[in-house]
Every structure is written in structure tokens, then in C-alpha cells.
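Visitor: Before I ask anything, here is the structure I am working with.
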Amino acid sequence: MVIACGLLLAVSVPVALPRIRLDGNPNPPSQAQINAAENRVRQQQAALGAQQGRLSAANAQLSALQVQAEVLTQRYDQTLVDEQRAAAAYRVTQARLKYAQQAQDQSQRRLADLAAQEFESGGGFGPMTSMLGDASGPQGYLSEVGLGQVLAQDGTDTVADAQADDVVAGAFRKQAHELLVAQQADLKAAGYLKVAVQAAVARQQAYVQASQAKRNSLAGQVNSEQRHVAALKSARQAALAAEAAAAAARAARAAAAAAAAAAAGSPEGSGQAPSWGSGSGASASQGDVAANWALTQLGKPYQWGAAGPDTYDCSGLTMEAWAQAGVALLHYTGYQWEEGPHVPLDDLQRGDLLFYATDNSDPATIHHVGIYIGNGMMVDAPYTGAFVRIDSIYQPGIPIGAVDPAG
């Protein structure tokens with residue numbers, strides 16, 4: 001009866017449980033704070049959308065400029081080809097001019113020879129020297145004395161050749177000058193065209209890059225605000241879940257105490273003591289060893305039935321972690337649930353094992369275990385396709401309970 005009364009007295013004493021928060025803040029974010037953060041996200045998303053529109057317009061303009069640049073590039077290529085043709089024609093004309101000048105020089109020499117011969121043979125200035133000395137040249141002389149008389153002279157063909165050579169040389173000289181001017185004009189026009197195209201495209205590309213940078217900056221702000229909202233929601237959900245878990249733990253302890261009291265007062269009750277007494281678990285330093293070692297296994301893949309060193313399942317990871325602390329556990333969540341005293345969720349210490357079940361009223365449905373590392377977080381090997389990672393202790397759901405492995 002004394003024992004029963006003591007148990008009833010213990011049940012009747014209210015137990016104060018602190019509110020668990022992942023970030024250590026006893027006051028979880030309010031719904032108003034979450035709403036305000038979501039409004040900021042919407043405003044920044046609107047700004048991001050507007051900037052994205054400006055960026056799209058800038059890209060469209062850049063595309064149009066690039067198309068124009070392609071057209072102008074072809075015109076530039078045409079100009080260069082025309083310049084090359086002009087240069088080639090100029091070279092050919094220069095060669096022809098050279099030969100024409102040589103022919104002209106030869107004609108002049110022949111005329112000079114004829115004049116000298118006539119002077120020497122006639123003893124003075126005859127028709128040929130008069131023709132050469134006439135102010136109007138051979139053509140003037142022909143007009144004066146008449147074509148018939150000149151044709152009778154021996155030098156008529158030579159004079160005609162000289163005139164033809166003069167005309168040809170003059171024509172080639174003019175053509176060479178015009179081609180040279182055209183070549184220089186083409187080169188100058190091509191240079192201006194190239195500079196104009198490059199400047200226009202470069203300006204638009206710079207504008208697009210600036211718009212892209214602003215868009216990226218706004219996108220970064222949106223992502224940051226979205227993460228902030230997610231953190232606020234997660235923190236609030238964790239706090240509410242912790243409160244629910246604490247209430248469930250209180251109810252479970254009350255029910256267990258009531259059942260123990262009833263069993264102690266019943267003639268049929270055996271009063272069998274639990275397998276593990278209070279304080280029979282491992283030390284805090286052992287828990288630190290196990291938790292710290294578990295952190296060194298982050299990133300290794302999950303594999304059914306594996307217990308390291310390269311892959312793990314959930315109970316294989318916790319078994320190896322506690323083996324580093326000198327505590328031997330069995331490779332099965334159901335057995336590990338029984339391998340140490342159970343501890344309340346508000347009394348967790350680093351290294352404690354957290355268990356998850358499909359039905360928190362039935363330990364036979366336990367299916368997952370993780371190792372507590374502090375601040376509401378645990379290391380676990382979650383499932384096939386995942387890797388050893390850090391999760392909130394409420395990520396898989398509310399734990400059915402926790403165990404401090406026996407040292």
C-alpha cells in the first residue's frame with residue numbers, strides 16, 4: 001500500500017517539460033512572422049518577374065542585333081572581296097601601264113631618230129622637224145599640210161604609233177588612279193562598318209550581362225527569403241511537434257505509473273521490475289564518442305543489412321557508433337530498443353538512440369533508429385537511395401521513444 005500510494009502521489013505531481021526548439025529559442029516563430037516573410041517572398045518574386053521580362057526583351061534585342069550583324073558581316077565580306085578585286089585590277093593596270101609607258105618611250109625615241117635623220121639628210125628643218133616643232137604637235141601639223149602630203153612621208157606610221165601609245169598610256173594611267181582610289185575607299189568603308197557592328201553588339205551584350213546579373217541577384221534574394229520562410233515553418237512545426245511529443249510522453253508515463261500502481265495493488269500482479277534501472281545507461285562521454293563517430297560517416301550510402309565500413313543501414317550505423325564507445329549492440333532496431341533504459345525526449349543526451357514506429361503505441365512496429373547529436377538533430381541512415389545524413393529528430397515523425405544504451 002505504501003508503494004502504491006507513493007506511485008499515485010508521483011502520478012499526481014505535474015511534470016514541467018521545457019519546449020524543445022531546434023535553434024534553442026524557447027519562443028517559436030508566430031504565424032504572423034511566417035506570413036510577413038511569405039509576403040516579402042512574393043514581393044521579391046514580382047520584382048524578379050519584372051527583371052526577367054526586361055532581360056527577355058534585352059535578349060530579343062541582342063538577337064535582332066546579331067542578325068543585323070550577320071547581314072553587315074556579309075556586306076563587310078563583300079567589301080573586302082571588292083577591295084581585293086580592285087587591288088588585283090590595280091596591279092594588272094599598273095603592269096599594263098608599265099608596258100604602255102615603255103611603248104610610249106620607244107615611240108618617242110623613234111620619232112626623235114626620224115627627226116634627227118631628216119635634219120641630217122635635209123640640211124635643215126624639213127616637214128618632219130616642222131611637224132615635231134609645231135606648237136599643236138603632230139595633229140596640228142597634219143591639219144595644216146594636209147593628210148595626203150603627210151602620208152607620203154616615211155614617218156607616218158611612226159607618228160601614228162606614237163599617238164596611239166600616248167592615248168593608251170593615258171587611259172591606263174587614269175584607270176590605275178581610279179582603281180587605287182576605289183580600293184582605298186573600300187578599305188575605309190569596311191573599317192567603319194566593322195567598328196560600327198562591333199560597337200553595337202558589344203553595347204547590347206553589356207546591357208544583357210548587366211540585366212542577367214541583376215536577375216541573378218534578385219533570384220538569390222528570393223531563394224534566401226524562401227529558405228528563411230522554410231526555416232521559420234520548420235522551426236514552428238518542430239516546436240509544435242515537440243510540445244505534442246512532450247504531452248504524449250507525460251501521458252505515457254502517467255499511464256505506465258497508473259498501470260504499475262494497479263498491478264502493485266492487485267493480488268495477481270507480479271510487480272516485475274523493468275530490465276534496466278535508472279542511471280544504468282552509458283556515460284555522457286561514451287555518448288559523445290558514439291555521436292562524434294557517427295558524424296564521420298556522413299555521405300556514405302544506405303544499404304540493407306550493412307554495418308560499414310562503406311555502407312550502412314540504420315541499426316548497423318548505430319551499432320558501429322556505439323561499438324566505438326565500447327558498448328555492444330545487436331544489429332536490429334527491435335533489440336536495440338531493449339538494450340538500455342528508456343529516456344524522455346526532453347532529457348536526451350548526445351549518443352542516445354531515437355526510435356520510430358508505424359504505430360507509436362506498439363513497440364513491435366519500430367522500423368527506424370537514429371543517434372542523437374544535440375540541438376534536436378540526429379545522424380541516421382534513412383533509406384535505400386539515400387546517404388548517411390543529419391536530420392531533425394522529427395523528420396521521420398514523432399519518435400516512439402529514446403534509449404540510452406547500457407554501458
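Residue numbers start at 1 in each chain; chains themselves are named A, B, ... in the order of the C-alpha cells; ligands are numbered from 1 in the order shown.
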Which neighbours of Gln303 in chain A fall inside 6 Å, counting only C-alpha atoms, when residues of the same chain fewer than 6 positions from it are skipped, and could you give them as number ranges by chain?
Guide: A: 311-313
Visitor: Looking only at the backbone, which of the residues in range 276-317 of chain A does DSSP tag as alpha helix (DSSP H), as a PDB file with N, CA, C and O atoms, in the first residue's frame?
Guide:
ATOM      1  N   ALA A 284      27.955   9.991 -20.307  1.00  0.00           N
ATOM      2  CA  ALA A 284      27.870  11.084 -21.275  1.00  0.00           C
ATOM      3  C   ALA A 284      29.083  11.089 -22.203  1.00  0.00           C
ATOM      4  O   ALA A 284      28.966  11.402 -23.394  1.00  0.00           O
ATOM      5  N   SER A 285      30.248  10.762 -21.685  1.00  0.00           N
ATOM      6  CA  SER A 285      31.443  10.750 -22.528  1.00  0.00           C
ATOM      7  C   SER A 285      31.360   9.645 -23.575  1.00  0.00           C
ATOM      8  O   SER A 285      31.800   9.829 -24.718  1.00  0.00           O
ATOM      9  N   GLN A 286      30.769   8.490 -23.207  1.00  0.00           N
ATOM     10  CA  GLN A 286      30.576   7.436 -24.199  1.00  0.00           C
ATOM     11  C   GLN A 286      29.591   7.892 -25.282  1.00  0.00           C
ATOM     12  O   GLN A 286      29.786   7.611 -26.470  1.00  0.00           O
ATOM     13  N   GLY A 287      28.555   8.592 -24.849  1.00  0.00           N
ATOM     14  CA  GLY A 287      27.599   9.105 -25.829  1.00  0.00           C
ATOM     15  C   GLY A 287      28.255  10.077 -26.794  1.00  0.00           C
ATOM     16  O   GLY A 287      27.959  10.073 -27.994  1.00  0.00           O
ATOM     17  N   ASP A 288      29.172  10.928 -26.291  1.00  0.00           N
ATOM     18  CA  ASP A 288      29.881  11.853 -27.171  1.00  0.00           C
ATOM     19  C   ASP A 288      30.734  11.107 -28.192  1.00  0.00           C
ATOM     20  O   ASP A 288      30.806  11.486 -29.363  1.00  0.00           O
ATOM     21  N   VAL A 289      31.399  10.050 -27.732  1.00  0.00           N
ATOM     22  CA  VAL A 289      32.227   9.248 -28.638  1.00  0.00           C
ATOM     23  C   VAL A 289      31.365   8.673 -29.756  1.00  0.00           C
ATOM     24  O   VAL A 289      31.717   8.748 -30.951  1.00  0.00           O
ATOM     25  N   ALA A 290      30.214   8.088 -29.379  1.00  0.00           N
ATOM     26  CA  ALA A 290      29.338   7.476 -30.379  1.00  0.00           C
ATOM     27  C   ALA A 290      28.806   8.525 -31.356  1.00  0.00           C
ATOM     28  O   ALA A 290      28.804   8.325 -32.581  1.00  0.00           O
ATOM     29  N   ALA A 291      28.364   9.673 -30.823  1.00  0.00           N
ATOM     30  CA  ALA A 291      27.807  10.722 -31.685  1.00  0.00           C
ATOM     31  C   ALA A 291      28.867  11.290 -32.617  1.00  0.00           C
ATOM     32  O   ALA A 291      28.624  11.505 -33.814  1.00  0.00           O
ATOM     33  N   ASN A 292      30.052  11.553 -32.083  1.00  0.00           N
ATOM     34  CA  ASN A 292      31.117  12.136 -32.905  1.00  0.00           C
ATOM     35  C   ASN A 292      31.541  11.179 -34.017  1.00  0.00           C
ATOM     36  O   ASN A 292      31.831  11.601 -35.147  1.00  0.00           O
ATOM     37  N   TRP A 293      31.603   9.892 -33.695  1.00  0.00           N
ATOM     38  CA  TRP A 293      31.988   8.924 -34.722  1.00  0.00           C
ATOM     39  C   TRP A 293      30.923   8.843 -35.805  1.00  0.00           C
ATOM     40  O   TRP A 293      31.244   8.760 -37.005  1.00  0.00           O
ATOM     41  N   ALA A 294      29.658   8.901 -35.421  1.00  0.00           N
ATOM     42  CA  ALA A 294      28.578   8.853 -36.414  1.00  0.00           C
ATOM     43  C   ALA A 294      28.699  10.012 -37.396  1.00  0.00           C
ATOM     44  O   ALA A 294      28.436   9.866 -38.595  1.00  0.00           O
ATOM     45  N   LEU A 295      29.136  11.169 -36.906  1.00  0.00           N
ATOM     46  CA  LEU A 295      29.296  12.328 -37.791  1.00  0.00           C
ATOM     47  C   LEU A 295      30.389  12.110 -38.832  1.00  0.00           C
ATOM     48  O   LEU A 295      30.376  12.737 -39.897  1.00  0.00           O
ATOM     49  N   CYS A 314      20.147   1.540 -40.920  1.00  0.00           N
ATOM     50  CA  CYS A 314      20.005   2.402 -39.741  1.00  0.00           C
ATOM     51  C   CYS A 314      20.572   1.766 -38.472  1.00  0.00           C
ATOM     52  O   CYS A 314      21.336   2.390 -37.727  1.00  0.00           O
ATOM     53  N   SER A 315      20.225   0.501 -38.209  1.00  0.00           N
ATOM     54  CA  SER A 315      20.700  -0.142 -36.973  1.00  0.00           C
ATOM     55  C   SER A 315      22.165  -0.538 -37.080  1.00  0.00           C
ATOM     56  O   SER A 315      22.876  -0.619 -36.062  1.00  0.00           O
ATOM     57  N   GLY A 316      22.657  -0.761 -38.321  1.00  0.00           N
ATOM     58  CA  GLY A 316      24.081  -1.040 -38.489  1.00  0.00           C
ATOM     59  C   GLY A 316      24.923   0.175 -38.135  1.00  0.00           C
ATOM     60  O   GLY A 316      25.997   0.055 -37.527  1.00  0.00           O
ATOM     61  N   LEU A 317      24.445   1.383 -38.490  1.00  0.00           N
ATOM     62  CA  LEU A 317      25.163   2.615 -38.168  1.00  0.00           C
ATOM     63  C   LEU A 317      25.209   2.833 -36.654  1.00  0.00           C
ATOM     64  O   LEU A 317      26.274   3.140 -36.094  1.00  0.00           O
TER      65      LEU A 317
END
Visitor: Please indicate the distance in Å from CA of Gln101 in chain A to CA of Asp82 in chain A, rounded to one decimal place.
Guide: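 So the two atoms, CA of Gln101 in chain A and CA of Asp82 in chain A, lie 27.5 Å apart.
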Visitor: Quick one: residues within 8 Å of Ile371 in chain A, only C-alpha atoms counted, chain neighbours fewer than 2 positions away excluded, as JSON, numbers by chain?
Guide: {"A": [291, 294, 318, 350, 351, 352, 353, 354, 369, 373, 378, 379, 380]}
Visitor: What gap, in Å, lies between CA of Val167 in chain A and CA of Ala87 in chain A?
Guide: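 The value is 23.3 Å.
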Visitor: Which of these residues is nearest to Gln205 in chain A, using only C-alpha atoms: A:Gly220, A:Val71, A:Asn59, A:Ala323?
Guide: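 Looking only at the distances to Gln205 in chain A, the closest residue turns out to be A:Asn59.
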Visitor: For the atom pair CA of Ala230 in chain A and CA of Ala357 in chain A, what is the interatomic distance in Å to one decimal place?
Guide: 26.2 Å
Visitor: When distances are computed from only C-alpha atoms, which of A:Tyr302, A:Tyr90, A:Tyr383, A:Trp337 shows the smallest separation from Pro363 in chain A?
Guide: A:Trp337
Visitor: Select, from A:Ala164, A:Ala199, A:Ala402, A:Met377, the residue with the minimum atom-to-atom distance to Leu348 in chain A, counting only C-alpha atoms.
Guide: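 Selected residue with least distance to Leu348 in chain A: A:Ala402.
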Visitor: Using only C-alpha atoms, determine which residues lie at most 7 Å from range 172-180 of chain A, disregarding the query and same-chain residues fewer than 2 positions distant; provide the list as a VMD selection string.
Guide: chain A and resid 86 90 93 to 94 96 to 97 168 to 170 182 to 184
Visitor: Fewer than 6 positions away in the same chain doesn't count, so skip those; otherwise give me all residues within 12 Å of Asp161 in chain A, counting only C-alpha atoms, as a ChimeraX atom specification.
Guide: /A:100,103-111,138,155,167-168
Visitor: Taking N, CA, C and O atoms for each residue, export the selection above as a CSV table (one decimal), in the first residue's frame.
Guide:
chain,number,residue,atom,x,y,z
A,100,ALA,N,52.7,50.1,-121.5
A,100,ALA,CA,52.3,51.3,-122.4
A,100,ALA,C,53.3,52.4,-122.3
A,100,ALA,O,53.7,53.0,-123.4
A,103,ALA,N,56.2,51.4,-124.4
A,103,ALA,CA,55.9,51.6,-125.8
A,103,ALA,C,55.9,53.1,-126.2
A,103,ALA,O,56.4,53.4,-127.2
A,104,GLN,N,55.4,53.9,-125.2
A,104,GLN,CA,55.4,55.3,-125.5
A,104,GLN,C,56.8,55.9,-125.6
A,104,GLN,O,57.2,56.7,-126.5
A,105,ASP,N,57.7,55.4,-124.7
A,105,ASP,CA,59.1,55.8,-124.7
A,105,ASP,C,59.7,55.4,-126.0
A,105,ASP,O,60.5,56.2,-126.6
A,106,GLN,N,59.5,54.2,-126.4
A,106,GLN,CA,60.1,53.7,-127.7
A,106,GLN,C,59.6,54.5,-128.9
A,106,GLN,O,60.4,54.9,-129.8
A,107,SER,N,58.3,54.9,-128.9
A,107,SER,CA,57.7,55.7,-130.0
A,107,SER,C,58.4,57.0,-130.0
A,107,SER,O,58.7,57.6,-131.1
A,108,GLN,N,58.6,57.6,-128.8
A,108,GLN,CA,59.2,58.9,-128.7
A,108,GLN,C,60.6,58.9,-129.2
A,108,GLN,O,61.1,59.8,-129.9
A,109,ARG,N,61.3,57.8,-128.9
A,109,ARG,CA,62.7,57.6,-129.4
A,109,ARG,C,62.7,57.5,-130.9
A,109,ARG,O,63.6,58.0,-131.6
A,110,ARG,N,61.8,56.7,-131.4
A,110,ARG,CA,61.7,56.6,-132.9
A,110,ARG,C,61.4,57.9,-133.6
A,110,ARG,O,62.0,58.2,-134.6
A,111,LEU,N,60.5,58.7,-133.0
A,111,LEU,CA,60.2,60.0,-133.6
A,111,LEU,C,61.5,60.9,-133.5
A,111,LEU,O,61.8,61.6,-134.5
A,138,PRO,N,51.9,66.8,-133.7
A,138,PRO,CA,51.7,66.1,-135.0
A,138,PRO,C,50.3,66.3,-135.5
A,138,PRO,O,50.1,66.5,-136.8
A,155,GLY,N,57.7,58.7,-142.2
A,155,GLY,CA,57.5,58.6,-140.7
A,155,GLY,C,56.0,58.6,-140.3
A,155,GLY,O,55.8,58.7,-139.1
A,167,VAL,N,47.8,57.7,-126.1
A,167,VAL,CA,46.4,57.5,-125.7
A,167,VAL,C,46.3,56.3,-124.7
A,167,VAL,O,45.6,56.4,-123.7
A,168,VAL,N,46.9,55.2,-125.1
A,168,VAL,CA,46.8,54.0,-124.2
A,168,VAL,C,47.4,54.3,-122.9
A,168,VAL,O,46.8,53.9,-121.8
Visitor: Which range 198-222 of chain A residues have any atom within 10 Å of an atom of range 31-52 of chain A, and for each, what is the nearest pair of atoms with distance in Å to one decimal, counting only C-alpha atoms, rows sorted by chain and number, as a Markdown table?
Guide:
| residue | atom | partner | partner_atom | distance |
| --- | --- | --- | --- | --- |
| A:Ser211 | CA | A:Gln51 | CA | 7.4 |
| A:Gln212 | CA | A:Gln52 | CA | 8.3 |
| A:Lys214 | CA | A:Gln51 | CA | 7.5 |
| A:Arg215 | CA | A:Gln51 | CA | 5.8 |
| A:Asn216 | CA | A:Leu48 | CA | 8.7 |
| A:Ser217 | CA | A:Leu48 | CA | 9.0 |
| A:Leu218 | CA | A:Leu48 | CA | 5.6 |
| A:Ala219 | CA | A:Leu48 | CA | 6.4 |
| A:Gly220 | CA | A:Leu48 | CA | 9.8 |
| A:Gln221 | CA | A:Gln44 | CA | 7.4 |
| A:Val222 | CA | A:Gln44 | CA | 5.9 |
Visitor: Please run DSSP on the backbone and report, as a ChimeraX atom specification, all residues within range 170-373 of chain A that come out as strand (DSSP E).
Guide: /A:342-343,353-357,366-373
Visitor: Could you write out that same residue set with all heavy atoms as a compact mmCIF listing (two decimals), in the first residue's frame?
Guide:
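part.txt, written as the output of this step:
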# COMPACT_ATOMS: atom_id res chain seq x y z
N HIS A 342 15.05 3.47 -21.14
CA HIS A 342 14.36 4.46 -21.95
C HIS A 342 14.47 5.82 -21.28
O HIS A 342 14.39 5.93 -20.05
CB HIS A 342 12.90 4.06 -22.14
CG HIS A 342 12.73 2.85 -22.99
ND1 HIS A 342 11.52 2.36 -23.38
CD2 HIS A 342 13.66 1.99 -23.52
CE1 HIS A 342 11.67 1.28 -24.11
NE2 HIS A 342 12.97 1.02 -24.21
N VAL A 343 14.64 6.86 -22.09
CA VAL A 343 14.79 8.22 -21.55
C VAL A 343 13.73 9.11 -22.20
O VAL A 343 13.40 8.93 -23.38
CB VAL A 343 16.19 8.79 -21.81
CG1 VAL A 343 17.24 7.98 -21.06
CG2 VAL A 343 16.52 8.80 -23.30
N LEU A 353 19.77 6.84 -28.55
CA LEU A 353 19.16 6.30 -29.75
C LEU A 353 17.69 6.71 -29.81
O LEU A 353 16.97 6.59 -28.81
CB LEU A 353 19.28 4.78 -29.79
CG LEU A 353 20.71 4.22 -29.73
CD1 LEU A 353 20.69 2.70 -29.85
CD2 LEU A 353 21.57 4.82 -30.82
N LEU A 354 17.25 7.18 -30.97
CA LEU A 354 15.85 7.59 -31.19
C LEU A 354 15.19 6.58 -32.11
O LEU A 354 15.74 6.24 -33.16
CB LEU A 354 15.80 8.98 -31.80
CG LEU A 354 16.23 10.10 -30.85
CD1 LEU A 354 16.91 11.22 -31.61
CD2 LEU A 354 15.03 10.63 -30.09
N PHE A 355 13.99 6.12 -31.70
CA PHE A 355 13.32 5.05 -32.44
C PHE A 355 12.01 5.58 -33.04
O PHE A 355 11.34 6.45 -32.45
CB PHE A 355 13.03 3.87 -31.51
CG PHE A 355 14.28 3.16 -31.06
CD1 PHE A 355 14.99 3.62 -29.96
CD2 PHE A 355 14.75 2.05 -31.74
CE1 PHE A 355 16.15 2.98 -29.54
CE2 PHE A 355 15.92 1.41 -31.32
CZ PHE A 355 16.62 1.87 -30.23
N TYR A 356 11.65 5.00 -34.20
CA TYR A 356 10.45 5.42 -34.93
C TYR A 356 9.64 4.19 -35.30
O TYR A 356 10.21 3.16 -35.72
CB TYR A 356 10.83 6.21 -36.18
CG TYR A 356 11.65 7.44 -35.83
CD1 TYR A 356 13.04 7.34 -35.67
CD2 TYR A 356 11.04 8.65 -35.59
CE1 TYR A 356 13.78 8.45 -35.30
CE2 TYR A 356 11.78 9.77 -35.22
CZ TYR A 356 13.15 9.66 -35.08
OH TYR A 356 13.89 10.75 -34.69
N ALA A 357 8.32 4.29 -35.14
CA ALA A 357 7.43 3.16 -35.39
C ALA A 357 6.28 3.60 -36.27
O ALA A 357 5.95 4.79 -36.36
CB ALA A 357 6.91 2.62 -34.07
N ILE A 366 8.38 -0.78 -34.52
CA ILE A 366 9.58 0.04 -34.72
C ILE A 366 10.28 -0.37 -36.01
O ILE A 366 10.48 -1.57 -36.27
CB ILE A 366 10.53 -0.09 -33.52
CG1 ILE A 366 9.92 0.59 -32.29
CG2 ILE A 366 11.90 0.51 -33.82
CD1 ILE A 366 10.71 0.40 -31.02
N HIS A 367 10.68 0.62 -36.80
CA HIS A 367 11.30 0.32 -38.09
C HIS A 367 12.55 1.16 -38.38
O HIS A 367 13.24 0.93 -39.36
CB HIS A 367 10.29 0.57 -39.22
CG HIS A 367 9.83 2.00 -39.29
ND1 HIS A 367 10.50 2.98 -39.95
CD2 HIS A 367 8.75 2.60 -38.72
CE1 HIS A 367 9.86 4.14 -39.82
NE2 HIS A 367 8.79 3.93 -39.07
N HIS A 368 12.86 2.15 -37.52
CA HIS A 368 13.98 3.04 -37.83
C HIS A 368 14.61 3.53 -36.53
O HIS A 368 13.93 3.69 -35.52
CB HIS A 368 13.51 4.24 -38.66
CG HIS A 368 14.64 5.12 -39.14
ND1 HIS A 368 15.66 4.67 -39.93
CD2 HIS A 368 14.90 6.44 -38.91
CE1 HIS A 368 16.50 5.67 -40.19
NE2 HIS A 368 16.06 6.75 -39.56
N VAL A 369 15.94 3.78 -36.58
CA VAL A 369 16.66 4.28 -35.41
C VAL A 369 17.73 5.28 -35.88
O VAL A 369 18.30 5.13 -36.96
CB VAL A 369 17.32 3.13 -34.61
CG1 VAL A 369 18.33 2.37 -35.46
CG2 VAL A 369 17.96 3.65 -33.33
N GLY A 370 17.94 6.33 -35.10
CA GLY A 370 18.99 7.30 -35.36
C GLY A 370 19.73 7.61 -34.07
O GLY A 370 19.30 7.22 -32.98
N ILE A 371 20.84 8.33 -34.17
CA ILE A 371 21.66 8.62 -32.99
C ILE A 371 21.68 10.13 -32.77
O ILE A 371 21.99 10.92 -33.67
CB ILE A 371 23.09 8.04 -33.15
CG1 ILE A 371 23.90 8.28 -31.88
CG2 ILE A 371 23.79 8.56 -34.38
CD1 ILE A 371 25.17 7.45 -31.83
N TYR A 372 21.30 10.55 -31.55
CA TYR A 372 21.13 11.96 -31.22
C TYR A 372 22.48 12.65 -31.12
O TYR A 372 23.43 12.13 -30.51
CB TYR A 372 20.37 12.08 -29.90
CG TYR A 372 19.98 13.49 -29.53
CD1 TYR A 372 19.07 14.20 -30.29
CD2 TYR A 372 20.50 14.11 -28.40
CE1 TYR A 372 18.69 15.48 -29.96
CE2 TYR A 372 20.13 15.40 -28.05
CZ TYR A 372 19.22 16.08 -28.84
OH TYR A 372 18.86 17.35 -28.49
N ILE A 373 22.58 13.89 -31.75
CA ILE A 373 23.84 14.63 -31.70
C ILE A 373 23.68 16.01 -31.05
O ILE A 373 24.62 16.78 -30.99
CB ILE A 373 24.43 14.82 -33.12
CG1 ILE A 373 23.44 15.55 -34.02
CG2 ILE A 373 24.84 13.48 -33.71
CD1 ILE A 373 24.01 15.92 -35.39
